[in-house]
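File shown: start09.cif (mmCIF, N, CA and C atoms).
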data_final
loop_
_atom_site.label_atom_id
_atom_site.label_comp_id
_atom_site.auth_asym_id
_atom_site.auth_seq_id
_atom_site.Cartn_x
_atom_site.Cartn_y
_atom_site.Cartn_z
N MET K 143 -15.87 72.10 -44.66
CA MET K 143 -15.29 72.25 -45.98
C MET K 143 -13.92 72.91 -45.83
N GLU K 144 -12.94 72.34 -46.50
CA GLU K 144 -11.56 72.84 -46.48
C GLU K 144 -11.21 73.36 -47.87
N ARG K 145 -10.21 74.24 -47.93
CA ARG K 145 -9.72 74.73 -49.23
C ARG K 145 -8.20 74.83 -49.15
N ALA K 146 -7.54 74.36 -50.19
CA ALA K 146 -6.09 74.39 -50.24
C ALA K 146 -5.62 75.09 -51.51
N TYR K 147 -4.57 75.89 -51.35
CA TYR K 147 -3.86 76.47 -52.50
C TYR K 147 -2.63 75.59 -52.67
N ILE K 148 -2.44 75.05 -53.88
CA ILE K 148 -1.37 74.10 -54.13
C ILE K 148 -0.58 74.55 -55.35
N VAL K 149 0.75 74.50 -55.24
CA VAL K 149 1.64 74.77 -56.37
C VAL K 149 2.41 73.48 -56.66
N PHE K 150 2.26 72.97 -57.89
CA PHE K 150 2.95 71.77 -58.33
C PHE K 150 4.13 72.16 -59.21
N SER K 151 5.28 71.53 -58.98
CA SER K 151 6.48 71.74 -59.80
C SER K 151 6.91 70.41 -60.41
N GLY K 152 7.66 70.49 -61.50
CA GLY K 152 8.14 69.30 -62.20
C GLY K 152 7.74 69.37 -63.65
N ARG K 153 7.47 68.20 -64.24
CA ARG K 153 6.97 68.16 -65.62
C ARG K 153 5.45 68.26 -65.53
N VAL K 154 4.97 69.51 -65.46
CA VAL K 154 3.55 69.75 -65.22
C VAL K 154 2.89 70.64 -66.26
N GLN K 155 3.65 71.11 -67.24
CA GLN K 155 3.06 71.87 -68.35
C GLN K 155 3.35 71.14 -69.65
N GLY K 156 2.38 71.19 -70.55
CA GLY K 156 2.53 70.52 -71.84
C GLY K 156 2.30 69.03 -71.77
N VAL K 157 1.72 68.55 -70.66
CA VAL K 157 1.48 67.12 -70.48
C VAL K 157 0.03 66.82 -70.10
N GLY K 158 -0.86 67.79 -70.26
CA GLY K 158 -2.27 67.59 -69.94
C GLY K 158 -2.59 67.71 -68.46
N PHE K 159 -1.73 68.39 -67.71
CA PHE K 159 -1.94 68.50 -66.26
C PHE K 159 -3.27 69.17 -65.93
N ARG K 160 -3.57 70.30 -66.57
CA ARG K 160 -4.81 71.02 -66.24
C ARG K 160 -6.04 70.19 -66.60
N TRP K 161 -6.00 69.51 -67.73
CA TRP K 161 -7.11 68.65 -68.13
C TRP K 161 -7.28 67.52 -67.13
N PHE K 162 -6.17 66.87 -66.76
CA PHE K 162 -6.22 65.77 -65.81
C PHE K 162 -6.70 66.26 -64.44
N ALA K 163 -6.27 67.45 -64.03
CA ALA K 163 -6.71 68.01 -62.75
C ALA K 163 -8.22 68.23 -62.76
N THR K 164 -8.75 68.73 -63.87
CA THR K 164 -10.18 68.97 -63.98
C THR K 164 -10.95 67.66 -63.92
N GLN K 165 -10.47 66.65 -64.63
CA GLN K 165 -11.13 65.33 -64.62
C GLN K 165 -11.06 64.71 -63.22
N THR K 166 -9.91 64.82 -62.58
CA THR K 166 -9.73 64.25 -61.24
C THR K 166 -10.63 64.96 -60.23
N ALA K 167 -10.67 66.29 -60.30
CA ALA K 167 -11.50 67.06 -59.38
C ALA K 167 -12.97 66.70 -59.56
N THR K 168 -13.41 66.59 -60.79
CA THR K 168 -14.80 66.24 -61.07
C THR K 168 -15.12 64.85 -60.51
N ARG K 169 -14.23 63.90 -60.73
CA ARG K 169 -14.42 62.53 -60.23
C ARG K 169 -14.49 62.51 -58.70
N LEU K 170 -13.66 63.32 -58.05
CA LEU K 170 -13.61 63.34 -56.59
C LEU K 170 -14.68 64.24 -55.95
N GLY K 171 -15.34 65.07 -56.76
CA GLY K 171 -16.39 65.94 -56.25
C GLY K 171 -15.87 67.18 -55.54
N VAL K 172 -14.67 67.65 -55.94
CA VAL K 172 -14.12 68.88 -55.36
C VAL K 172 -14.32 70.03 -56.33
N THR K 173 -14.26 71.25 -55.81
CA THR K 173 -14.39 72.44 -56.62
C THR K 173 -13.09 73.23 -56.58
N GLY K 174 -13.00 74.27 -57.43
CA GLY K 174 -11.82 75.13 -57.44
C GLY K 174 -11.39 75.47 -58.85
N TRP K 175 -10.07 75.62 -59.03
CA TRP K 175 -9.54 76.00 -60.33
C TRP K 175 -8.08 75.55 -60.44
N VAL K 176 -7.57 75.55 -61.69
CA VAL K 176 -6.18 75.21 -61.98
C VAL K 176 -5.69 76.10 -63.11
N ARG K 177 -4.40 76.50 -63.07
CA ARG K 177 -3.83 77.32 -64.15
C ARG K 177 -2.32 77.10 -64.24
N ASN K 178 -1.77 77.40 -65.42
CA ASN K 178 -0.33 77.38 -65.63
C ASN K 178 0.27 78.69 -65.14
N LEU K 179 1.48 78.62 -64.59
CA LEU K 179 2.23 79.80 -64.19
C LEU K 179 3.35 80.06 -65.17
N ASP K 180 3.79 81.29 -65.26
CA ASP K 180 4.85 81.67 -66.21
C ASP K 180 6.18 80.95 -65.95
N ASN K 181 6.42 80.52 -64.73
CA ASN K 181 7.70 79.88 -64.39
C ASN K 181 7.72 78.38 -64.68
N GLY K 182 6.65 77.83 -65.24
CA GLY K 182 6.59 76.41 -65.57
C GLY K 182 5.86 75.56 -64.55
N ASP K 183 5.51 76.15 -63.41
CA ASP K 183 4.72 75.44 -62.40
C ASP K 183 3.24 75.54 -62.75
N VAL K 184 2.43 74.82 -62.00
CA VAL K 184 0.97 74.89 -62.10
C VAL K 184 0.45 75.12 -60.70
N ASP K 185 -0.49 76.07 -60.56
CA ASP K 185 -1.11 76.26 -59.25
C ASP K 185 -2.61 76.00 -59.35
N CYS K 186 -3.20 75.74 -58.19
CA CYS K 186 -4.63 75.49 -58.16
C CYS K 186 -5.16 75.74 -56.76
N GLU K 187 -6.46 75.89 -56.68
CA GLU K 187 -7.17 75.89 -55.42
C GLU K 187 -8.17 74.75 -55.49
N VAL K 188 -8.21 73.96 -54.43
CA VAL K 188 -9.08 72.79 -54.37
C VAL K 188 -9.89 72.86 -53.09
N GLN K 189 -11.20 72.67 -53.22
CA GLN K 189 -12.09 72.74 -52.06
C GLN K 189 -12.90 71.47 -51.93
N GLY K 190 -12.89 70.93 -50.72
CA GLY K 190 -13.63 69.71 -50.41
C GLY K 190 -13.28 69.29 -49.00
N THR K 191 -13.47 68.01 -48.71
CA THR K 191 -13.05 67.51 -47.41
C THR K 191 -11.54 67.34 -47.41
N GLU K 192 -10.97 67.19 -46.23
CA GLU K 192 -9.52 66.96 -46.14
C GLU K 192 -9.12 65.70 -46.91
N ALA K 193 -9.94 64.66 -46.80
CA ALA K 193 -9.66 63.41 -47.52
C ALA K 193 -9.71 63.60 -49.03
N GLN K 194 -10.69 64.37 -49.51
CA GLN K 194 -10.79 64.63 -50.96
C GLN K 194 -9.58 65.41 -51.46
N ILE K 195 -9.16 66.42 -50.70
CA ILE K 195 -7.99 67.22 -51.10
C ILE K 195 -6.74 66.35 -51.12
N ASP K 196 -6.56 65.53 -50.09
CA ASP K 196 -5.39 64.64 -50.05
C ASP K 196 -5.41 63.66 -51.21
N ARG K 197 -6.59 63.14 -51.55
CA ARG K 197 -6.69 62.21 -52.68
C ARG K 197 -6.40 62.91 -54.00
N PHE K 198 -6.87 64.16 -54.15
CA PHE K 198 -6.58 64.94 -55.34
C PHE K 198 -5.07 65.08 -55.51
N ILE K 199 -4.38 65.48 -54.45
CA ILE K 199 -2.92 65.64 -54.51
C ILE K 199 -2.26 64.32 -54.86
N HIS K 200 -2.67 63.25 -54.20
CA HIS K 200 -2.08 61.93 -54.49
C HIS K 200 -2.25 61.57 -55.96
N ASP K 201 -3.45 61.72 -56.49
CA ASP K 201 -3.70 61.36 -57.88
C ASP K 201 -2.92 62.24 -58.84
N MET K 202 -2.78 63.53 -58.53
CA MET K 202 -2.01 64.41 -59.41
C MET K 202 -0.53 64.04 -59.40
N CYS K 203 -0.05 63.50 -58.31
CA CYS K 203 1.36 63.12 -58.21
C CYS K 203 1.66 61.72 -58.74
N HIS K 204 0.63 60.83 -58.80
CA HIS K 204 0.92 59.43 -59.08
C HIS K 204 0.05 58.75 -60.13
N ALA K 205 -1.05 59.35 -60.55
CA ALA K 205 -2.02 58.60 -61.35
C ALA K 205 -1.95 58.87 -62.85
N ASN K 206 -0.94 59.58 -63.32
CA ASN K 206 -0.84 59.86 -64.75
C ASN K 206 0.62 59.72 -65.17
N ARG K 207 0.88 58.86 -66.15
CA ARG K 207 2.27 58.58 -66.51
C ARG K 207 2.97 59.73 -67.23
N TRP K 208 2.23 60.68 -67.78
CA TRP K 208 2.84 61.81 -68.49
C TRP K 208 3.25 62.92 -67.54
N ILE K 209 2.56 63.02 -66.43
CA ILE K 209 2.84 64.06 -65.43
C ILE K 209 3.91 63.55 -64.47
N SER K 210 4.86 64.42 -64.15
CA SER K 210 5.90 64.07 -63.18
C SER K 210 6.06 65.22 -62.19
N VAL K 211 5.38 65.11 -61.06
CA VAL K 211 5.46 66.14 -60.02
C VAL K 211 6.71 65.87 -59.19
N SER K 212 7.62 66.86 -59.16
CA SER K 212 8.82 66.70 -58.33
C SER K 212 8.57 67.21 -56.92
N THR K 213 7.82 68.30 -56.80
CA THR K 213 7.46 68.83 -55.48
C THR K 213 6.10 69.51 -55.57
N TYR K 214 5.48 69.66 -54.44
CA TYR K 214 4.27 70.49 -54.35
C TYR K 214 4.27 71.16 -52.98
N LYS K 215 3.59 72.30 -52.93
CA LYS K 215 3.43 73.02 -51.67
C LYS K 215 1.95 73.30 -51.47
N LYS K 216 1.44 72.88 -50.32
CA LYS K 216 0.02 73.06 -50.00
C LYS K 216 -0.12 74.06 -48.87
N THR K 217 -0.99 75.04 -49.07
CA THR K 217 -1.30 76.03 -48.04
C THR K 217 -2.81 76.05 -47.86
N MET K 218 -3.27 75.90 -46.63
CA MET K 218 -4.70 75.94 -46.37
C MET K 218 -5.15 77.40 -46.37
N ILE K 219 -6.29 77.66 -47.03
CA ILE K 219 -6.84 79.00 -47.16
C ILE K 219 -8.33 78.95 -46.84
N PRO K 220 -8.98 80.11 -46.67
CA PRO K 220 -10.42 80.10 -46.37
C PRO K 220 -11.25 79.52 -47.52
N ALA K 221 -12.29 78.80 -47.15
CA ALA K 221 -13.21 78.22 -48.13
C ALA K 221 -13.99 79.31 -48.85
N VAL K 222 -14.43 79.00 -50.06
CA VAL K 222 -15.23 79.90 -50.89
C VAL K 222 -16.67 79.37 -50.89
N THR K 223 -17.61 80.22 -50.57
CA THR K 223 -19.00 79.78 -50.56
C THR K 223 -19.60 79.81 -51.97
N ASN K 224 -20.54 78.93 -52.19
CA ASN K 224 -21.32 78.87 -53.44
C ASN K 224 -20.51 78.52 -54.68
N GLU K 225 -19.35 77.92 -54.53
CA GLU K 225 -18.59 77.48 -55.70
C GLU K 225 -19.20 76.17 -56.19
N LYS K 226 -19.41 76.06 -57.49
CA LYS K 226 -20.15 74.92 -58.03
C LYS K 226 -19.30 73.87 -58.73
N LYS K 227 -18.14 74.27 -59.28
CA LYS K 227 -17.37 73.30 -60.06
C LYS K 227 -15.88 73.64 -60.05
N PHE K 228 -15.12 72.80 -60.70
CA PHE K 228 -13.68 72.98 -60.85
C PHE K 228 -13.43 73.41 -62.29
N ILE K 229 -12.65 74.49 -62.48
CA ILE K 229 -12.44 75.02 -63.83
C ILE K 229 -10.95 75.21 -64.13
N MET K 230 -10.66 75.22 -65.43
CA MET K 230 -9.31 75.58 -65.90
C MET K 230 -9.27 77.07 -66.14
N ARG K 231 -8.22 77.71 -65.66
CA ARG K 231 -7.98 79.13 -65.93
C ARG K 231 -6.80 79.24 -66.87
N ASN K 232 -6.73 80.35 -67.61
CA ASN K 232 -5.61 80.59 -68.51
C ASN K 232 -4.50 81.31 -67.79
#

How does this structure look as structure tokens?
Amino acid sequence: MERAYIVFSGRVQGVGFRWFATQTATRLGVTGWVRNLDNGDVDCEVQGTEAQIDRFIHDMCHANRWISVSTYKKTMIPAVTNEKKFIMRN
């Protein structure tokens, strides 16, 4: 099991990014969380296989016409045990 901390920049707030991230994570079977940052970016932690995490990032960057990710930064971090789902944080 892998876990990534990801910060997305671009048109990522006010366009349903957190909702889409939650739907995408659920569809892909990954766990973690997503939240808006004060600077206009969105950050999240995603846990699953390397392929699931890569697919999550791909879909967040390309699968929604309202979202426009200009850049993202992925940092691998330790996995969290007993996490059951992906949630939106405030």

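Non-sequential neighbours of stretch 195-207 of chain K (distance at most 8 Å, separation of 3 or more positions within a chain, only N, CA and C atoms) are Glu144, Arg145, Ala146, Phe159, Phe162, Ala163, Thr166, Ala167, Leu170, Val172, Val188, Gln189, Gly190, Thr191, Glu192, Ser210, Val211 and Ser212 of chain K.
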
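Within the 5 Å cut-off around stretch 215-226 of chain K, using all atoms listed in the file and omitting residues fewer than 2 positions from it on the same chain, the listed residues are Arg145, Ala146, Tyr147, Ile148, Val149, Thr213 and Phe228 of chain K.
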
By how many Å are atom C of K:Glu187 and atom CA of K:Gly158 apart? 17.2 Å

List every residue of stretch 174-227 of chain K that DSSP, applied to the backbone of this structure, assigns to helix (DSSP H, G or I), and report them as a PyMOL selection string. chain K and resi 192-204

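The two atoms in question, atom N of K:Tyr214 and atom CA of K:Asp183, are spaced 9.9 Å apart.
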
Residues of chain K classed as strand (DSSP E or B) by DSSP on the backbone are to be reported as a ChimeraX atom specification. /K:144-153,173-178,184-190,210-219,228-230

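Restricting the calculation to only C-alpha atoms, the smallest distance between K:Ala193 and any of K:Gly152, K:Leu179, K:Asn232, K:Gly171 is found for K:Gly171.
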
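For the residues K:Gln165, K:Met230, K:Ile209, K:Gln194, ranking by smallest atom-to-atom distance to K:Arg177 using only C-alpha atoms places K:Met230 first.
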
Give me the residues near K:Gly182 as a VMD selection string, where near means some atom within 7 Å (using only N, CA and C atoms) and where sequence neighbours in that chain fewer than 4 positions away do not count. chain K and resid 150 to 152 154 to 155 178
